[in-house]
Amino acid sequence: MLHKQTVTLIHCKIYMGVVTNASAAPLTLKAEDVTAVPVGVNGVITPLTLTEEGKLLWQENYLSIEKEVLGFSIEGKKIIFKAVEENNGGGICCGGNTGVTVRRRSFIFELVSEDSMRIWSQKIQEYIDSLGRPKKLFVFVNPYGGKKSASKIFIDSVKPLLDDANIDYTVQETKHQLHAKEVAKSLDILRYDGVVCVSGDGILVEVVNGLLEREDWDSAIKMPLGVVPAGTGNGMAKSLLDAVGQSCTASNATLAIIRGHKQSLDVATISQGQNRFFSVLMLAWGLIADIDIESEKYRWMGSARIDYYAIQRIFRLRRYNGCIKFVAAPGYETYGEPANLEGEINGEVKSNFVQHKGYSGPALHIKDFNRKIEGPFLSVWLHNVPWGGEDALAAPDARLSDGYLDLVVIKDCPKLTLLSLMTEINKGGHVRSPHVLYFKIICLH
């Protein structure tokens with residue numbers, strides 16, 4: 001029952017959430033470092049210049065090392081730059097997604113001497129290193145998620161970009177449920193610069209739980225995490241990429257990881273009886289949870305299983321009795337009604353789970369939960385990020401690290417109106433309905 005759960009927040013870091021100033025400050029080249037050397041390009045000798053801003057200039061062309069160059073290799077006197085450019089058709093793309101993708105390109109320059117090659121390769125590598133990009137990653141691939149396309153997405157869309165960027169990586173295919181959690185609990189995090197999940201949202205949640213159950217959880221959770229959309233929902237990847245105006249594709253996600261872009265992310269601590277776990281996406285009770293869990297038997301349909309089963313569930317609607325108590329975020333203190341704390345134990349909210357290792361969660365007091373909403377409910381939906389899936393803008397006002405959870409409550413709603421509301425979720429219009437309560441909270445009990 002929801003009223004026996006306690007939900008609070010902590011923070012961690014996750015790869016992606018691409019913002020223009022998120023990567024490390026690049027190396028500023030001094031005037032004496034700016035070099036022009038003669039190179040051969042398609043049989044023509046032309047000057048190649050490395051500017052103070054980290055751009056390669058030749059003839060009427062240029063490459064930005066920070067934005068376009070992934071890496072480089074050397075073959076004899078040739079230096080080969082591996083780069084990407086935006087492309088409105090074709091290119092590398094997450095299966096089923098459309099829009100602007102990226103195209104891989106190679107630029108080959110032949111230097112006239114070995115000394116020039118040595119000096120140039122050193123300067124280029126120093127500049128790339130100054131960008132704070134990862135050098136070694138641990139990659140989870142979930143071959144069972146969604147339409148079972150993660151392995152193909154990794155081979156076709158992720159691996160080529162990682163190879164071009166000269167990133168070393170270890171790949172682990174998940175074998176069973178909670179496998180990623182088991183691996184994350186014992187992973188030698190000092191060997192890697194980040195952990196990447198080529199999957200839906202489930203593997204990312206497993207990894208977060210594994211890291212927070214470690215004895216060294218406080219340092220382990222600082223390990224940057226990345227997610228490449230390859231599952232049914234892909235709500236986290238969608239939320240992170242949409243926040244900066246990028247489409248939810250495997251290539252965009254991989255490039256953000258390669259470039260070392262980071263975004264803080266709230267993590268919810270959930271306690272229920274003897275169980276404790278952590279969530280980065282959402283917590284649902286009622287209709288939404290029924291649709292998510294009970295549609296598992298239609299997993300072969302991919303993301304279409306959600307829409308298909310939603311229609312069935314709405315016309316066989318269930319109602320859930322209960323009471324939710326919460327601490328409202330600033331500006332939302334009038335939502336619900338005052339909670340009657342008489343008869344409650346005025347002390348710390350404690351869970352009965354056995355503490356061995358890891359993060360135990362923040363201390364809360366019953367008296368803190370001063371607002372409540374009485375059931376019955378059709379649906380209670382707690383969201384940490386805006387998108388619950390690629391097509392579900394469940395909490396349009398949610399922010400990735402604002403310290404709050406967005407609460408979406410439906411108490412009563414006619415079936416046809418509810419069906420109409422479900423069609424509005426893809427653009428967030430459902431929260432404007434008079435049948436929906438939508439506001440921010442700090443914690444819930």
# chains A, B, ... in the order shown; residues from 1 in each chain; ligands from 1
call {"tool": "closest_atom_pairs", "arguments": {"of": "range 187-274 of chain A", "to": "range 118-139 of chain A", "cutoff": "8 Å", "atoms": "only C-alpha atoms", "output": "CSV"}}
result
residue,atom,partner,partner_atom,distance
A:Arg191,CA,A:Lys136,CA,7.6
A:Tyr192,CA,A:Lys136,CA,5.2
A:Asp193,CA,A:Pro134,CA,5.4
A:Gly194,CA,A:Leu137,CA,5.1
A:Val195,CA,A:Phe138,CA,4.8
A:Val196,CA,A:Val139,CA,4.7
A:Cys197,CA,A:Val139,CA,5.9
A:Val198,CA,A:Val139,CA,7.2
A:Ile257,CA,A:Pro134,CA,7.9
A:Ile258,CA,A:Arg133,CA,6.1
A:Arg259,CA,A:Arg133,CA,5.3
A:Gly260,CA,A:Arg133,CA,4.6
call {"tool": "closest_atom_pairs", "arguments": {"of": "range 355-406 of chain A", "to": "range 221-230 of chain A", "cutoff": "12 Å", "atoms": "only C-alpha atoms", "output": "JSON lines"}}
result
{"residue": "A:Gly358", "atom": "CA", "partner": "A:Ile221", "partner_atom": "CA", "distance": 10.6}
{"residue": "A:Tyr359", "atom": "CA", "partner": "A:Ile221", "partner_atom": "CA", "distance": 10.1}
{"residue": "A:Gly389", "atom": "CA", "partner": "A:Pro229", "partner_atom": "CA", "distance": 10.2}
{"residue": "A:Glu390", "atom": "CA", "partner": "A:Pro229", "partner_atom": "CA", "distance": 9.3}
call {"tool": "write_last_selection", "arguments": {"atoms": "N, CA and C atoms", "output": "short mmCIF file (atom, residue, chain, number, x, y, z; two decimals), in the first residue's frame"}}
result
data_model
loop_
_atom_site.label_atom_id
_atom_site.label_comp_id
_atom_site.auth_asym_id
_atom_site.auth_seq_id
_atom_site.Cartn_x
_atom_site.Cartn_y
_atom_site.Cartn_z
N GLY A 358 25.90 0.24 2.74
CA GLY A 358 25.27 1.15 1.82
C GLY A 358 24.53 2.30 2.48
N TYR A 359 23.89 3.09 1.63
CA TYR A 359 23.17 4.27 2.06
C TYR A 359 21.87 3.87 2.74
N GLY A 389 8.42 8.07 -20.65
CA GLY A 389 8.81 7.29 -21.81
C GLY A 389 9.00 8.25 -22.96
N GLU A 390 9.42 7.74 -24.11
CA GLU A 390 9.66 8.64 -25.24
C GLU A 390 8.40 9.36 -25.68
#
call {"tool": "select_by_dssp", "arguments": {"residues": "range 194-282 of chain A", "states": "helix (DSSP H, G or I)", "output": "PDB file with C-alpha atoms, in the first residue's frame"}}
result
ATOM      1  CA  ASP A 201      15.310   2.642 -17.784  1.00  0.00           C
ATOM      2  CA  GLY A 202      15.372  -0.610 -15.791  1.00  0.00           C
ATOM      3  CA  ILE A 203      19.099  -1.331 -16.055  1.00  0.00           C
ATOM      4  CA  LEU A 204      19.965   2.233 -15.010  1.00  0.00           C
ATOM      5  CA  VAL A 205      17.799   1.830 -11.908  1.00  0.00           C
ATOM      6  CA  GLU A 206      19.540  -1.475 -11.117  1.00  0.00           C
ATOM      7  CA  VAL A 207      22.962   0.177 -11.401  1.00  0.00           C
ATOM      8  CA  VAL A 208      21.975   3.062  -9.116  1.00  0.00           C
ATOM      9  CA  ASN A 209      20.662   0.606  -6.527  1.00  0.00           C
ATOM     10  CA  GLY A 210      23.818  -1.489  -6.757  1.00  0.00           C
ATOM     11  CA  LEU A 211      26.085   1.529  -6.248  1.00  0.00           C
ATOM     12  CA  LEU A 212      24.057   2.814  -3.279  1.00  0.00           C
ATOM     13  CA  TRP A 217      28.385   4.197  -1.678  1.00  0.00           C
ATOM     14  CA  ASP A 218      29.259   7.840  -1.043  1.00  0.00           C
ATOM     15  CA  SER A 219      32.152   7.686  -3.519  1.00  0.00           C
ATOM     16  CA  ALA A 220      30.591   5.064  -5.814  1.00  0.00           C
ATOM     17  CA  GLY A 235      12.168   8.018 -20.215  1.00  0.00           C
ATOM     18  CA  MET A 236      15.528   8.995 -18.721  1.00  0.00           C
ATOM     19  CA  ALA A 237      17.321   9.357 -22.061  1.00  0.00           C
ATOM     20  CA  LYS A 238      14.349  11.298 -23.438  1.00  0.00           C
ATOM     21  CA  SER A 239      14.283  13.641 -20.435  1.00  0.00           C
ATOM     22  CA  LEU A 240      18.006  14.344 -20.575  1.00  0.00           C
ATOM     23  CA  LEU A 241      18.215  14.905 -24.318  1.00  0.00           C
ATOM     24  CA  ASP A 242      14.926  16.784 -24.642  1.00  0.00           C
ATOM     25  CA  ALA A 250      21.399   6.344 -29.608  1.00  0.00           C
ATOM     26  CA  SER A 251      23.890   8.527 -31.459  1.00  0.00           C
ATOM     27  CA  ASN A 252      23.013  11.711 -29.552  1.00  0.00           C
ATOM     28  CA  ALA A 253      23.217   9.876 -26.242  1.00  0.00           C
ATOM     29  CA  THR A 254      26.558   8.283 -27.133  1.00  0.00           C
ATOM     30  CA  LEU A 255      28.057  11.596 -28.248  1.00  0.00           C
ATOM     31  CA  ALA A 256      27.039  13.220 -24.956  1.00  0.00           C
ATOM     32  CA  ILE A 257      28.796  10.407 -23.110  1.00  0.00           C
ATOM     33  CA  ILE A 258      31.927  10.682 -25.267  1.00  0.00           C
TER      34      ILE A 258
END
call {"tool": "select_by_dssp", "arguments": {"residues": "range 110-284 of chain A", "states": "strand (DSSP E or B)", "output": "ChimeraX atom specification"}}
result
/A:110-111,136-141,168-173,194-199,225-229,234,262-272,275-279,282-284
call {"tool": "closest_residue", "arguments": {"among": "A:Leu281, A:Val267, A:Ile74, A:Leu50", "to": "Gly200 in chain A", "atoms": "only C-alpha atoms"}}
result
A:Leu281
call {"tool": "atom_distance", "arguments": {"atom1": "CA of Val244 in chain A", "atom2": "CA of Val280 in chain A"}}
result
19.0 Å
call {"tool": "closest_residue", "arguments": {"among": "A:Lys440, A:Lys427, A:Arg371, A:Arg319", "to": "Arg399 in chain A", "atoms": "only C-alpha atoms"}}
result
A:Lys440
call {"tool": "residues_around", "arguments": {"residues": "range 149-151 of chain A", "least_positions_apart": "2", "cutoff": "12 Å", "atoms": "only C-alpha atoms", "output": "number ranges by chain"}}
result
A: 94-96, 139-147, 153-159, 171-174, 197-200, 203, 227-232, 234, 250, 300, 302
call {"tool": "closest_residue", "arguments": {"among": "A:Leu437, A:Ile288, A:Leu190, A:Val84", "to": "Glu68 in chain A", "atoms": "only C-alpha atoms"}}
result
A:Val84
call {"tool": "atom_distance", "arguments": {"atom1": "CA of Phe107 in chain A", "atom2": "CA of Glu60 in chain A"}}
result
14.1 Å
call {"tool": "atom_distance", "arguments": {"atom1": "CA of Val431 in chain A", "atom2": "CA of Ala395 in chain A"}}
result
7.8 Å
call {"tool": "residues_around", "arguments": {"residues": "Trp381 in chain A", "least_positions_apart": "2", "cutoff": "7 Å", "atoms": "only C-alpha atoms", "output": "ChimeraX atom specification"}}
result
/A:283-285,379,383,407-409
call {"tool": "write_last_selection", "arguments": {"atoms": "all heavy atoms", "output": "PDB file, in the first residue's frame"}}
result
ATOM      1  N   LEU A 283       7.673   6.581  -9.561  1.00  0.00           N
ATOM      2  CA  LEU A 283       7.010   5.591  -8.725  1.00  0.00           C
ATOM      3  C   LEU A 283       5.520   5.719  -8.995  1.00  0.00           C
ATOM      4  O   LEU A 283       4.963   6.821  -8.939  1.00  0.00           O
ATOM      5  CB  LEU A 283       7.298   5.850  -7.243  1.00  0.00           C
ATOM      6  CG  LEU A 283       6.568   4.960  -6.243  1.00  0.00           C
ATOM      7  CD1 LEU A 283       7.088   3.526  -6.328  1.00  0.00           C
ATOM      8  CD2 LEU A 283       6.728   5.491  -4.820  1.00  0.00           C
ATOM      9  N   ALA A 284       4.858   4.613  -9.329  1.00  0.00           N
ATOM     10  CA  ALA A 284       3.441   4.658  -9.681  1.00  0.00           C
ATOM     11  C   ALA A 284       2.638   3.706  -8.813  1.00  0.00           C
ATOM     12  O   ALA A 284       3.131   2.652  -8.390  1.00  0.00           O
ATOM     13  CB  ALA A 284       3.256   4.312 -11.156  1.00  0.00           C
ATOM     14  N   TRP A 285       1.393   4.087  -8.560  1.00  0.00           N
ATOM     15  CA  TRP A 285       0.442   3.251  -7.821  1.00  0.00           C
ATOM     16  C   TRP A 285      -0.918   3.416  -8.472  1.00  0.00           C
ATOM     17  O   TRP A 285      -1.325   4.528  -8.787  1.00  0.00           O
ATOM     18  CB  TRP A 285       0.402   3.682  -6.358  1.00  0.00           C
ATOM     19  CG  TRP A 285      -0.539   2.881  -5.492  1.00  0.00           C
ATOM     20  CD1 TRP A 285      -0.625   1.539  -5.394  1.00  0.00           C
ATOM     21  CD2 TRP A 285      -1.520   3.406  -4.584  1.00  0.00           C
ATOM     22  NE1 TRP A 285      -1.587   1.163  -4.489  1.00  0.00           N
ATOM     23  CE2 TRP A 285      -2.145   2.296  -3.965  1.00  0.00           C
ATOM     24  CE3 TRP A 285      -1.912   4.682  -4.229  1.00  0.00           C
ATOM     25  CZ2 TRP A 285      -3.162   2.441  -3.013  1.00  0.00           C
ATOM     26  CZ3 TRP A 285      -2.918   4.845  -3.291  1.00  0.00           C
ATOM     27  CH2 TRP A 285      -3.532   3.723  -2.686  1.00  0.00           C
ATOM     28  N   SER A 379      -5.227   6.830  -9.772  1.00  0.00           N
ATOM     29  CA  SER A 379      -3.801   6.758 -10.066  1.00  0.00           C
ATOM     30  C   SER A 379      -3.025   7.757  -9.230  1.00  0.00           C
ATOM     31  O   SER A 379      -3.465   8.892  -9.031  1.00  0.00           O
ATOM     32  CB  SER A 379      -3.549   7.043 -11.558  1.00  0.00           C
ATOM     33  OG  SER A 379      -2.176   6.978 -11.866  1.00  0.00           O
ATOM     34  N   HIS A 383       6.968  11.574 -10.073  1.00  0.00           N
ATOM     35  CA  HIS A 383       7.953  11.656 -11.147  1.00  0.00           C
ATOM     36  C   HIS A 383       9.154  12.484 -10.736  1.00  0.00           C
ATOM     37  O   HIS A 383       9.023  13.553 -10.143  1.00  0.00           O
ATOM     38  CB  HIS A 383       7.316  12.248 -12.403  1.00  0.00           C
ATOM     39  CG  HIS A 383       7.145  11.232 -13.489  1.00  0.00           C
ATOM     40  ND1 HIS A 383       8.094  10.991 -14.450  1.00  0.00           N
ATOM     41  CD2 HIS A 383       6.150  10.358 -13.724  1.00  0.00           C
ATOM     42  CE1 HIS A 383       7.677  10.027 -15.257  1.00  0.00           C
ATOM     43  NE2 HIS A 383       6.500   9.622 -14.835  1.00  0.00           N
ATOM     44  N   LEU A 407       4.166  15.225  -8.212  1.00  0.00           N
ATOM     45  CA  LEU A 407       3.088  14.302  -7.857  1.00  0.00           C
ATOM     46  C   LEU A 407       1.880  14.541  -8.764  1.00  0.00           C
ATOM     47  O   LEU A 407       1.374  15.666  -8.866  1.00  0.00           O
ATOM     48  CB  LEU A 407       2.688  14.504  -6.390  1.00  0.00           C
ATOM     49  CG  LEU A 407       1.571  13.619  -5.839  1.00  0.00           C
ATOM     50  CD1 LEU A 407       1.934  12.144  -5.937  1.00  0.00           C
ATOM     51  CD2 LEU A 407       1.261  13.995  -4.389  1.00  0.00           C
ATOM     52  N   VAL A 408       1.442  13.487  -9.445  1.00  0.00           N
ATOM     53  CA  VAL A 408       0.280  13.541 -10.329  1.00  0.00           C
ATOM     54  C   VAL A 408      -0.785  12.604  -9.753  1.00  0.00           C
ATOM     55  O   VAL A 408      -0.559  11.394  -9.668  1.00  0.00           O
ATOM     56  CB  VAL A 408       0.652  13.111 -11.767  1.00  0.00           C
ATOM     57  CG1 VAL A 408      -0.548  13.264 -12.697  1.00  0.00           C
ATOM     58  CG2 VAL A 408       1.842  13.913 -12.280  1.00  0.00           C
ATOM     59  N   VAL A 409      -1.919  13.157  -9.352  1.00  0.00           N
ATOM     60  CA  VAL A 409      -2.970  12.380  -8.684  1.00  0.00           C
ATOM     61  C   VAL A 409      -4.274  12.479  -9.469  1.00  0.00           C
ATOM     62  O   VAL A 409      -4.709  13.584  -9.827  1.00  0.00           O
ATOM     63  CB  VAL A 409      -3.195  12.878  -7.242  1.00  0.00           C
ATOM     64  CG1 VAL A 409      -4.345  12.112  -6.574  1.00  0.00           C
ATOM     65  CG2 VAL A 409      -1.922  12.746  -6.423  1.00  0.00           C
TER      66      VAL A 409
END
call {"tool": "decode", "arguments": {"residues": "range 252-267 of chain A", "atoms": "all heavy atoms", "output": "PDB file, in the first residue's frame"}}
result
ATOM      1  N   ASN A 252      22.943  10.511 -30.386  1.00  0.00           N
ATOM      2  CA  ASN A 252      23.013  11.711 -29.552  1.00  0.00           C
ATOM      3  C   ASN A 252      23.422  11.366 -28.125  1.00  0.00           C
ATOM      4  O   ASN A 252      24.219  12.078 -27.504  1.00  0.00           O
ATOM      5  CB  ASN A 252      21.669  12.437 -29.547  1.00  0.00           C
ATOM      6  CG  ASN A 252      21.420  13.214 -30.815  1.00  0.00           C
ATOM      7  OD1 ASN A 252      22.354  13.518 -31.562  1.00  0.00           O
ATOM      8  ND2 ASN A 252      20.164  13.534 -31.089  1.00  0.00           N
ATOM      9  N   ALA A 253      22.865  10.288 -27.595  1.00  0.00           N
ATOM     10  CA  ALA A 253      23.217   9.876 -26.242  1.00  0.00           C
ATOM     11  C   ALA A 253      24.688   9.479 -26.158  1.00  0.00           C
ATOM     12  O   ALA A 253      25.396   9.856 -25.213  1.00  0.00           O
ATOM     13  CB  ALA A 253      22.330   8.708 -25.799  1.00  0.00           C
ATOM     14  N   THR A 254      25.165   8.729 -27.140  1.00  0.00           N
ATOM     15  CA  THR A 254      26.558   8.283 -27.133  1.00  0.00           C
ATOM     16  C   THR A 254      27.520   9.455 -27.251  1.00  0.00           C
ATOM     17  O   THR A 254      28.555   9.504 -26.575  1.00  0.00           O
ATOM     18  CB  THR A 254      26.807   7.282 -28.268  1.00  0.00           C
ATOM     19  OG1 THR A 254      25.859   6.204 -28.168  1.00  0.00           O
ATOM     20  CG2 THR A 254      28.212   6.708 -28.208  1.00  0.00           C
ATOM     21  N   LEU A 255      27.196  10.424 -28.093  1.00  0.00           N
ATOM     22  CA  LEU A 255      28.057  11.596 -28.248  1.00  0.00           C
ATOM     23  C   LEU A 255      28.137  12.396 -26.959  1.00  0.00           C
ATOM     24  O   LEU A 255      29.198  12.920 -26.598  1.00  0.00           O
ATOM     25  CB  LEU A 255      27.560  12.473 -29.392  1.00  0.00           C
ATOM     26  CG  LEU A 255      27.766  11.905 -30.796  1.00  0.00           C
ATOM     27  CD1 LEU A 255      27.098  12.792 -31.840  1.00  0.00           C
ATOM     28  CD2 LEU A 255      29.250  11.750 -31.107  1.00  0.00           C
ATOM     29  N   ALA A 256      27.016  12.517 -26.235  1.00  0.00           N
ATOM     30  CA  ALA A 256      27.039  13.220 -24.956  1.00  0.00           C
ATOM     31  C   ALA A 256      27.951  12.519 -23.963  1.00  0.00           C
ATOM     32  O   ALA A 256      28.681  13.151 -23.196  1.00  0.00           O
ATOM     33  CB  ALA A 256      25.617  13.316 -24.388  1.00  0.00           C
ATOM     34  N   ILE A 257      27.929  11.199 -23.990  1.00  0.00           N
ATOM     35  CA  ILE A 257      28.796  10.407 -23.110  1.00  0.00           C
ATOM     36  C   ILE A 257      30.259  10.601 -23.495  1.00  0.00           C
ATOM     37  O   ILE A 257      31.119  10.823 -22.639  1.00  0.00           O
ATOM     38  CB  ILE A 257      28.391   8.922 -23.174  1.00  0.00           C
ATOM     39  CG1 ILE A 257      27.012   8.719 -22.532  1.00  0.00           C
ATOM     40  CG2 ILE A 257      29.433   8.036 -22.495  1.00  0.00           C
ATOM     41  CD1 ILE A 257      26.380   7.371 -22.835  1.00  0.00           C
ATOM     42  N   ILE A 258      30.548  10.508 -24.791  1.00  0.00           N
ATOM     43  CA  ILE A 258      31.927  10.682 -25.267  1.00  0.00           C
ATOM     44  C   ILE A 258      32.465  12.056 -24.880  1.00  0.00           C
ATOM     45  O   ILE A 258      33.624  12.199 -24.468  1.00  0.00           O
ATOM     46  CB  ILE A 258      31.983  10.482 -26.789  1.00  0.00           C
ATOM     47  CG1 ILE A 258      31.785   9.010 -27.145  1.00  0.00           C
ATOM     48  CG2 ILE A 258      33.316  10.993 -27.360  1.00  0.00           C
ATOM     49  CD1 ILE A 258      31.610   8.750 -28.628  1.00  0.00           C
ATOM     50  N   ARG A 259      31.631  13.070 -24.999  1.00  0.00           N
ATOM     51  CA  ARG A 259      32.066  14.438 -24.714  1.00  0.00           C
ATOM     52  C   ARG A 259      32.153  14.735 -23.219  1.00  0.00           C
ATOM     53  O   ARG A 259      32.588  15.810 -22.819  1.00  0.00           O
ATOM     54  CB  ARG A 259      31.128  15.421 -25.397  1.00  0.00           C
ATOM     55  CG  ARG A 259      31.288  15.407 -26.922  1.00  0.00           C
ATOM     56  CD  ARG A 259      30.146  16.088 -27.620  1.00  0.00           C
ATOM     57  NE  ARG A 259      30.352  16.095 -29.088  1.00  0.00           N
ATOM     58  CZ  ARG A 259      29.381  16.226 -29.974  1.00  0.00           C
ATOM     59  NH1 ARG A 259      28.113  16.328 -29.558  1.00  0.00           N
ATOM     60  NH2 ARG A 259      29.651  16.229 -31.260  1.00  0.00           N
ATOM     61  N   GLY A 260      31.732  13.781 -22.396  1.00  0.00           N
ATOM     62  CA  GLY A 260      31.871  13.942 -20.952  1.00  0.00           C
ATOM     63  C   GLY A 260      30.905  14.930 -20.344  1.00  0.00           C
ATOM     64  O   GLY A 260      31.141  15.453 -19.254  1.00  0.00           O
ATOM     65  N   HIS A 261      29.780  15.194 -21.012  1.00  0.00           N
ATOM     66  CA  HIS A 261      28.790  16.108 -20.457  1.00  0.00           C
ATOM     67  C   HIS A 261      28.074  15.453 -19.278  1.00  0.00           C
ATOM     68  O   HIS A 261      27.706  14.277 -19.335  1.00  0.00           O
ATOM     69  CB  HIS A 261      27.774  16.495 -21.523  1.00  0.00           C
ATOM     70  CG  HIS A 261      28.365  17.333 -22.618  1.00  0.00           C
ATOM     71  ND1 HIS A 261      27.696  17.621 -23.775  1.00  0.00           N
ATOM     72  CD2 HIS A 261      29.567  17.943 -22.728  1.00  0.00           C
ATOM     73  CE1 HIS A 261      28.457  18.374 -24.561  1.00  0.00           C
ATOM     74  NE2 HIS A 261      29.596  18.571 -23.948  1.00  0.00           N
ATOM     75  N   LYS A 262      27.856  16.216 -18.225  1.00  0.00           N
ATOM     76  CA  LYS A 262      27.243  15.669 -17.011  1.00  0.00           C
ATOM     77  C   LYS A 262      26.093  16.541 -16.548  1.00  0.00           C
ATOM     78  O   LYS A 262      26.055  17.745 -16.824  1.00  0.00           O
ATOM     79  CB  LYS A 262      28.284  15.539 -15.895  1.00  0.00           C
ATOM     80  CG  LYS A 262      29.479  14.665 -16.241  1.00  0.00           C
ATOM     81  CD  LYS A 262      30.455  14.620 -15.080  1.00  0.00           C
ATOM     82  CE  LYS A 262      31.688  13.806 -15.432  1.00  0.00           C
ATOM     83  NZ  LYS A 262      32.551  14.488 -16.418  1.00  0.00           N
ATOM     84  N   GLN A 263      25.167  15.924 -15.836  1.00  0.00           N
ATOM     85  CA  GLN A 263      24.003  16.610 -15.286  1.00  0.00           C
ATOM     86  C   GLN A 263      23.666  16.003 -13.938  1.00  0.00           C
ATOM     87  O   GLN A 263      23.570  14.788 -13.812  1.00  0.00           O
ATOM     88  CB  GLN A 263      22.805  16.454 -16.236  1.00  0.00           C
ATOM     89  CG  GLN A 263      21.465  16.829 -15.645  1.00  0.00           C
ATOM     90  CD  GLN A 263      21.365  18.319 -15.360  1.00  0.00           C
ATOM     91  OE1 GLN A 263      21.610  19.133 -16.237  1.00  0.00           O
ATOM     92  NE2 GLN A 263      21.022  18.667 -14.126  1.00  0.00           N
ATOM     93  N   SER A 264      23.505  16.841 -12.914  1.00  0.00           N
ATOM     94  CA  SER A 264      23.075  16.333 -11.609  1.00  0.00           C
ATOM     95  C   SER A 264      21.668  15.762 -11.709  1.00  0.00           C
ATOM     96  O   SER A 264      20.844  16.247 -12.491  1.00  0.00           O
ATOM     97  CB  SER A 264      23.104  17.455 -10.570  1.00  0.00           C
ATOM     98  OG  SER A 264      24.411  17.902 -10.347  1.00  0.00           O
ATOM     99  N   LEU A 265      21.402  14.764 -10.913  1.00  0.00           N
ATOM    100  CA  LEU A 265      20.100  14.105 -10.950  1.00  0.00           C
ATOM    101  C   LEU A 265      19.672  13.726  -9.540  1.00  0.00           C
ATOM    102  O   LEU A 265      20.456  13.170  -8.778  1.00  0.00           O
ATOM    103  CB  LEU A 265      20.173  12.844 -11.820  1.00  0.00           C
ATOM    104  CG  LEU A 265      18.911  11.994 -11.922  1.00  0.00           C
ATOM    105  CD1 LEU A 265      17.852  12.735 -12.736  1.00  0.00           C
ATOM    106  CD2 LEU A 265      19.227  10.651 -12.574  1.00  0.00           C
ATOM    107  N   ASP A 266      18.413  14.039  -9.198  1.00  0.00           N
ATOM    108  CA  ASP A 266      17.866  13.607  -7.917  1.00  0.00           C
ATOM    109  C   ASP A 266      17.655  12.095  -7.921  1.00  0.00           C
ATOM    110  O   ASP A 266      17.344  11.502  -8.952  1.00  0.00           O
ATOM    111  CB  ASP A 266      16.515  14.274  -7.645  1.00  0.00           C
ATOM    112  CG  ASP A 266      16.631  15.763  -7.409  1.00  0.00           C
ATOM    113  OD1 ASP A 266      17.674  16.191  -6.892  1.00  0.00           O
ATOM    114  OD2 ASP A 266      15.688  16.495  -7.744  1.00  0.00           O
ATOM    115  N   VAL A 267      17.817  11.492  -6.746  1.00  0.00           N
ATOM    116  CA  VAL A 267      17.528  10.071  -6.553  1.00  0.00           C
ATOM    117  C   VAL A 267      16.574   9.939  -5.380  1.00  0.00           C
ATOM    118  O   VAL A 267      16.812  10.506  -4.309  1.00  0.00           O
ATOM    119  CB  VAL A 267      18.810   9.259  -6.272  1.00  0.00           C
ATOM    120  CG1 VAL A 267      18.471   7.796  -6.046  1.00  0.00           C
ATOM    121  CG2 VAL A 267      19.795   9.391  -7.425  1.00  0.00           C
TER     122      VAL A 267
END
